[in-house]
Structures are given as structure tokens and as C-alpha cells.
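> Coordinates in upload-v4.tsv, TSV, C-alpha atoms, are listed below.
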chain	number	residue	atom	x	y	z
A	72	MET	CA	124.50	99.62	120.94
A	73	ASN	CA	123.49	103.23	121.49
A	74	PRO	CA	120.01	104.40	120.45
A	75	MET	CA	119.38	105.52	116.89
A	76	ILE	CA	116.45	107.50	115.50
A	77	GLY	CA	115.52	106.66	111.92
A	78	TYR	CA	113.56	109.86	111.25
A	79	HIS	CA	114.91	110.39	107.71
A	80	ASN	CA	113.07	108.33	105.06
A	81	ILE	CA	113.77	108.89	101.35
A	82	LEU	CA	110.52	107.12	100.40
A	83	GLU	CA	108.58	110.13	101.69
A	84	THR	CA	110.27	112.61	99.34
A	85	GLY	CA	111.36	110.45	96.39
A	86	THR	CA	109.53	108.65	93.59
A	87	VAL	CA	108.73	105.06	94.55
A	88	ALA	CA	107.89	102.20	92.18
A	89	GLY	CA	107.29	98.52	92.85
A	90	SER	CA	107.94	95.71	90.41
A	91	THR	CA	104.31	94.59	90.90
A	92	GLU	CA	101.35	95.39	93.12
A	93	ASP	CA	98.60	93.08	94.32
A	94	GLY	CA	95.27	94.89	93.95
A	95	ASP	CA	94.91	97.61	96.57
A	96	ASN	CA	98.21	96.64	98.24
A	97	VAL	CA	100.15	99.42	96.48
A	98	VAL	CA	103.67	100.66	97.19
A	99	GLU	CA	102.40	103.86	98.85
A	100	ASN	CA	101.08	101.71	101.70
A	101	CYS	CA	104.58	100.93	102.94
A	102	PHE	CA	105.59	104.52	103.66
A	103	ASP	CA	102.36	106.03	105.02
A	104	TRP	CA	103.37	104.92	108.56
A	105	ARG	CA	100.17	102.87	108.95
A	106	THR	CA	100.62	99.30	110.12
A	107	PHE	CA	97.25	98.05	108.89
A	108	ASP	CA	97.95	98.35	105.14
A	109	TRP	CA	100.81	96.96	103.07
A	110	TRP	CA	102.70	96.81	99.81
A	111	LYS	CA	102.33	93.30	98.47
A	112	PRO	CA	103.72	92.06	95.14
A	113	SER	CA	101.52	90.01	92.85
A	114	GLY	CA	102.17	86.84	90.89
A	115	SER	CA	104.61	84.04	91.64
A	116	SER	CA	107.96	85.68	90.88
A	117	LYS	CA	110.85	84.65	93.11
A	118	TYR	CA	112.24	88.21	93.12
A	119	ASN	CA	110.30	91.44	93.68
A	120	THR	CA	111.72	94.92	94.02
A	121	LEU	CA	110.85	98.38	95.28
A	122	THR	CA	112.89	101.21	93.73
A	123	VAL	CA	113.27	104.78	95.02
A	124	ASP	CA	114.44	107.71	92.90
A	125	ALA	CA	115.52	110.28	95.49
A	126	GLY	CA	115.84	113.00	92.80
A	127	ALA	CA	119.48	113.63	93.72
A	128	ALA	CA	122.23	111.80	95.53
A	129	VAL	CA	121.31	111.35	99.19
A	130	SER	CA	123.26	109.74	102.03
A	131	CYS	CA	121.73	106.68	103.71
A	132	ASP	CA	122.99	104.36	106.43
A	133	TYR	CA	120.01	102.27	107.55
A	134	VAL	CA	116.98	100.35	106.30
A	135	ALA	CA	114.10	99.35	108.58
A	136	LEU	CA	111.00	97.22	108.04
A	137	ALA	CA	107.95	96.68	110.25
A	138	ALA	CA	104.45	95.19	110.02
A	139	HIS	CA	105.74	92.54	107.62
A	140	ASP	CA	105.46	88.77	107.23
A	141	LEU	CA	108.83	88.12	105.58
A	142	SER	CA	109.69	85.26	107.91
A	143	THR	CA	106.28	83.60	107.52
A	144	GLN	CA	106.61	83.78	103.73
A	145	GLU	CA	110.25	82.54	103.86
A	146	CYS	CA	111.73	85.66	102.32
A	147	ALA	CA	115.09	87.43	102.46
A	148	VAL	CA	115.77	91.10	101.71
A	149	SER	CA	118.76	92.93	100.30
A	150	LEU	CA	119.47	96.57	99.44
A	151	TYR	CA	121.14	98.08	96.37
A	152	TYR	CA	122.09	101.54	95.15
A	153	SER	CA	122.83	102.98	91.72
A	154	SER	CA	123.78	106.16	89.88
A	155	ASP	CA	121.87	105.37	86.64
A	156	ASN	CA	118.66	103.69	87.83
A	157	PHE	CA	120.24	100.24	87.66
A	158	VAL	CA	120.92	100.33	83.92
A	159	ALA	CA	124.64	99.56	84.12
A	160	ASP	CA	125.49	100.51	87.69
A	161	SER	CA	124.24	98.35	90.56
A	162	ASN	CA	125.89	97.94	93.96
A	163	GLN	CA	124.79	95.73	96.83
A	164	ILE	CA	124.88	97.11	100.36
A	165	THR	CA	126.89	95.20	102.98
A	166	PHE	CA	125.08	95.32	106.31
A	167	THR	CA	127.15	95.90	109.42
A	168	SER	CA	124.37	94.97	111.87
A	169	TYR	CA	121.26	92.98	111.15
A	170	PRO	CA	118.85	90.42	112.64
A	171	GLY	CA	118.93	86.79	111.50
A	172	ALA	CA	121.06	87.36	108.44
A	173	LEU	CA	122.10	84.66	106.00
A	174	SER	CA	125.10	86.77	105.05
A	175	SER	CA	126.21	90.38	105.33
A	176	GLY	CA	124.21	91.40	102.25
A	177	TYR	CA	121.08	89.25	102.60
A	178	CYS	CA	118.87	89.37	105.67
A	179	SER	CA	116.50	86.47	106.30
A	180	PRO	CA	114.53	87.29	109.47
A	181	ASP	CA	113.85	84.68	112.15
A	182	ASP	CA	110.39	86.13	112.83
A	183	ASP	CA	108.04	88.89	111.67
A	184	SER	CA	109.18	91.49	114.20
A	185	THR	CA	110.65	94.89	113.31
A	186	MET	CA	113.96	94.73	111.43
A	187	VAL	CA	116.70	97.38	111.42
A	188	MET	CA	119.88	96.95	109.34
A	189	ARG	CA	122.78	99.39	109.48
A	190	PHE	CA	125.53	99.96	106.94
A	191	ALA	CA	128.35	102.37	106.22
A	192	ALA	CA	126.91	105.61	104.81
A	193	VAL	CA	126.52	105.65	101.02
A	194	SER	CA	125.43	108.59	98.86
A	195	ALA	CA	123.34	107.66	95.80
A	196	ARG	CA	120.27	108.82	93.90
A	197	TYR	CA	118.64	105.44	93.24
A	198	TRP	CA	117.92	102.81	95.89
A	199	ARG	CA	116.31	99.40	95.54
A	200	LEU	CA	114.98	96.90	98.09
A	201	SER	CA	114.98	93.37	96.70
A	202	VAL	CA	112.73	90.72	98.24
A	203	GLU	CA	113.64	87.10	97.51
A	204	ASN	CA	110.90	84.50	98.03
A	205	ASN	CA	112.49	81.18	99.06
A	206	GLN	CA	109.32	79.07	99.14
A	207	THR	CA	109.68	75.83	97.20
A	208	SER	CA	106.32	76.46	95.60
A	209	ILE	CA	105.35	80.14	95.76
A	210	THR	CA	101.71	80.31	96.81
A	211	ASP	CA	101.74	83.76	98.41
A	212	GLN	CA	103.90	86.88	98.35
A	213	PRO	CA	105.08	88.79	101.45
A	214	SER	CA	103.54	92.01	102.74
A	215	ILE	CA	105.52	95.04	103.98
A	216	GLY	CA	103.59	97.61	106.00
A	217	VAL	CA	106.40	100.02	106.93
A	218	LEU	CA	109.67	100.57	105.05
A	219	SER	CA	112.20	103.29	105.81
A	220	ILE	CA	115.54	103.95	104.10
A	221	GLY	CA	117.61	106.93	105.10
A	222	SER	CA	120.16	108.46	107.44
A	223	ALA	CA	119.78	107.75	111.16
A	224	LEU	CA	120.53	110.03	114.08
A	225	ASP	CA	122.97	108.13	116.31
A	226	MET	CA	122.94	109.16	119.95
A	227	PRO	CA	126.29	109.42	121.76
A	228	HIS	CA	125.23	107.23	124.70
A	229	GLY	CA	122.46	104.95	125.86
A	230	GLU	CA	119.69	105.19	128.43
A	231	ARG	CA	120.44	105.03	132.12
A	232	THR	CA	119.35	102.25	134.47
A	233	GLY	CA	115.57	102.11	134.85
A	234	PHE	CA	114.68	102.49	131.16
A	235	THR	CA	111.82	100.20	130.10
A	236	PRO	CA	111.96	98.99	126.49
A	237	PRO	CA	108.68	99.51	124.62
A	238	THR	CA	108.27	95.77	124.05
A	239	LEU	CA	108.10	95.29	127.83
A	240	TYR	CA	105.77	98.21	128.60
A	241	ASP	CA	102.15	97.14	128.28
A	242	ASP	CA	99.75	100.05	128.74
A	243	SER	CA	96.58	97.95	128.52
A	244	VAL	CA	93.75	98.62	130.98
A	245	ILE	CA	91.97	95.57	132.42
A	246	ILE	CA	88.38	96.10	133.57
A	247	ASN	CA	86.96	93.38	135.82
A	248	ASN	CA	83.17	92.92	135.73
A	249	THR	CA	81.38	91.84	138.89
A	250	SER	CA	77.79	91.34	139.90
A	251	GLN	CA	76.04	93.29	142.65
A	252	ARG	CA	76.94	90.48	145.05
A	253	GLY	CA	80.60	90.68	144.04
A	254	GLU	CA	80.64	87.60	141.81
A	255	PHE	CA	83.32	87.68	139.10
A	256	LEU	CA	81.60	87.80	135.70
A	257	GLY	CA	84.56	88.27	133.39
A	258	ARG	CA	86.88	90.98	132.18
A	259	SER	CA	87.48	93.24	129.22
A	260	VAL	CA	90.84	94.56	128.02
A	261	GLU	CA	91.31	98.05	126.65
A	262	SER	CA	94.54	98.05	124.63
A	263	ASN	CA	96.27	101.43	124.50
A	264	GLY	CA	99.42	100.24	122.78
A	265	ASN	CA	102.93	100.40	124.16
A	266	LYS	CA	104.57	103.66	125.20
A	267	VAL	CA	108.17	104.61	125.71
A	268	ASN	CA	109.89	107.66	127.16
A	269	ILE	CA	113.49	108.35	126.16
A	270	SER	CA	115.42	110.83	128.25
A	271	LEU	CA	118.88	111.56	126.88
A	272	ASN	CA	120.73	114.12	128.94
A	273	ALA	CA	124.36	115.12	129.37
A	274	LEU	CA	124.60	115.87	125.64
A	275	THR	CA	127.41	118.13	124.55
A	276	ALA	CA	126.55	121.55	123.16
A	277	SER	CA	128.31	120.76	119.90
A	278	PHE	CA	126.27	117.58	119.40
A	279	VAL	CA	123.01	119.43	120.06
A	280	ARG	CA	123.92	122.14	117.53
A	281	SER	CA	125.22	119.79	114.82
A	282	ASP	CA	122.76	116.85	115.16
A	283	ILE	CA	119.80	117.54	117.44
A	284	LEU	CA	118.76	120.88	115.90
A	285	PRO	CA	118.47	119.47	112.33
A	286	PHE	CA	116.45	116.55	113.77
A	287	LEU	CA	114.07	118.91	115.57
Using C-alpha cells, write down the structure that the file contains.


Amino acid sequence: MNPMIGYHNILETGTVAGSTEDGDNVVENCFDWRTFDWWKPSGSSKYNTLTVDAGAAVSCDYVALAAHDLSTQECAVSLYYSSDNFVADSNQITFTSYPGALSSGYCSPDDDSTMVMRFAAVSARYWRLSVENNQTSITDQPSIGVLSIGSALDMPHGERTGFTPPTLYDDSVIINNTSQRGEFLGRSVESNGNKVNISLNALTASFVRSDILPFL
């Protein structure tokens, strides 16, 4: 699969509402791009939703989630769109690529790592993420730290040989402590996070004008 950049997020420009919120874990937390706060539903409902009114019809073709515990809380997610705020019109998205899916429309992750689901582009004003809690006895609701729904920039080709995926690039600094006589006393680790450099060359002029310039 070629790289995609999910820079377009309708949560940032639309009106977002959650079915419930647990204390300070409000819906705004899931689109502020911080991974240390979350949207978390309250109560013991099996289904919780997050609805976005984009203000006008907008084209979307991906949904991504990060900093979540959906797998730990035994949850599945699905995505819907509507023209009338789900009064009489409600349509479920069929994913074309997804991690650990139960079916093409419901994604149940195998772990709590970042999830990206693609689908054929759909233009709609209202969008809704549905979170289904499959615990036999619901004692806790899931948390979602980062949620993005929008239109992705698909690159025409992948990286060349030598590219290091960010999950394999550890930029931590290890400092060994020794005594004056050279005895090993221990170590401390300074974590700088993971870094990645993407170099995409040999792009056609038409692709740069039609896709890269709007992205920039």
C-alpha cells in the first residue's frame, strides 16, 4: 500500500457532539491532537456515538483512531453518514481496508495501536462514529485520544529501500552513570519519541499542482 497523509479532519471545523461524556473526558479531547487526554463516554450503555455536523456536504474516505483502549475494553467501531442528522437517513460505511475487522463495516481491533480504515469516498454533511462495547458486564467505557475523519492525500508510490518505519526508529538517549573508578552505577533513559523522514521524489508536475499544493 502506498503512503497516505490524513491531514484533513472534519472534527476540527465541524460541530462535534458525543452521546455522553465522563467528567472532564469531553469530546473536544479527541481532536486536539494530544495523546494524554481522551473522550470517554459515561454510564453503562452498550452503544456510544460521536456525531459531526460538517456544516455542508464534505467528501471523506478515511477514519483513523489513536491513543485508544478499544481492544482492552472489547469494543468495535463503525462509521455512518447522513443527510438529515440521522433522523430518517442513515448509511453505514463499508471499509475497504482495516485492521482486525469483524466484518467490512465493523472494526474490532486486535490491540490498542493506531487504527486507519479506508473506504470509497462519500460526500455527506453529517458523520457518526459508533462505539459498541462487547463486554459481558460493562464496568468501564473506552477512551479515544485522537480521532480523525476526512479525505486523505494518497501518494502515487511508496518509499524507496532504506526507509525506516517510525515504529522501528527509537530516538531515545541512554546515559550510563559510572563512578570515578569506572564502576557501573546504573543508567537513565531520555525518551525523545520516534521520528520519521519521508522523502517522496519523482512526482509528476500534474500531481504536485493538483494534490501537493492544496496539502501545503

> Rounded to one decimal, what separation in Å do you get between CA of Ser219 in chain A and CA of Ala138 in chain A?

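Pair CA of Ser219 in chain A / CA of Ala138 in chain A returns 12.0 Å.
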
> In Å, rounded to a single decimal, give me how far CA of Asp211 in chain A is from CA of Leu150 in chain A.

21.9 Å

> Have a look at A:Thr275, A:Asn265, A:Leu224, A:Gly216 and name the one nearest to Thr238 in chain A; count all atoms listed in the file.

A:Asn265

> Which residue, A:Ala195, A:Ile215, A:Ala88, A:Leu136, has the smallest gap to Trp110 in chain A when you use only C-alpha atoms?

A:Ile215

> Counting all atoms listed in the file, which residue out of A:Thr122, A:Ser281, A:Thr106, A:Asn156 sits closest to Asp225 in chain A?

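Closest to Asp225 in chain A of all the choices is A:Ser281.
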
> Specify the axis-aligned box that encloses all atoms of range 281-286 of chain A listed in the file after padding of 3 Å on each side, stating its centre and edge lengths in Å to one decimal as JSON.


{"center_x": 120.8, "center_y": 118.7, "center_z": 114.9, "size_x": 14.8, "size_y": 10.3, "size_z": 11.1}

> Report the distance between CA of Arg199 in chain A and CA of Tyr151 in chain A in Å, rounded to one decimal place.

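Result for CA of Arg199 in chain A versus CA of Tyr151 in chain A: 5.1 Å, one decimal.
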
> Can you tell me, as a list in words, what residues are no more than 9 Å from His228 in chain A when counting all atoms listed in the file, ignoring any on the same chain fewer than 3 positions away?

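In the requested format, the answer is Met72, Asn73, Pro74, Asp225, Leu271 and Leu274 of chain A.
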
> Can you write just those residues out, C-alpha atoms, as a tab-separated table (two decimals), keeping the file's coordinate frame?


chain	number	residue	atom	x	y	z
A	72	MET	CA	124.50	99.62	120.94
A	73	ASN	CA	123.49	103.23	121.49
A	74	PRO	CA	120.01	104.40	120.45
A	225	ASP	CA	122.97	108.13	116.31
A	271	LEU	CA	118.88	111.56	126.88
A	274	LEU	CA	124.60	115.87	125.64

> So that I can check the surroundings of Gln144 in chain A, please list as a list in words every protein, DNA and RNA residue that reaches within 10 Å of it, counting all atoms listed in the file and ignoring chain neighbours fewer than 6 positions away.

Asp183, Glu203, Asn204, Asn205, Gln206, Ile209, Thr210, Asp211, Gln212, Pro213 and Ser214 of chain A

> Using only C-alpha atoms, which of A:Asp93, A:Ser153, A:Asp242, A:Glu99 sits nearest Lys111 in chain A?

A:Asp93

> From the options A:Ser115, A:Ser154, A:Ser168, A:Ser222, which residue's atoms come nearest to Tyr197 in chain A, counting all atoms listed in the file?

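When distances to Tyr197 in chain A are compared using all atoms listed in the file, the smallest one comes from A:Ser154.
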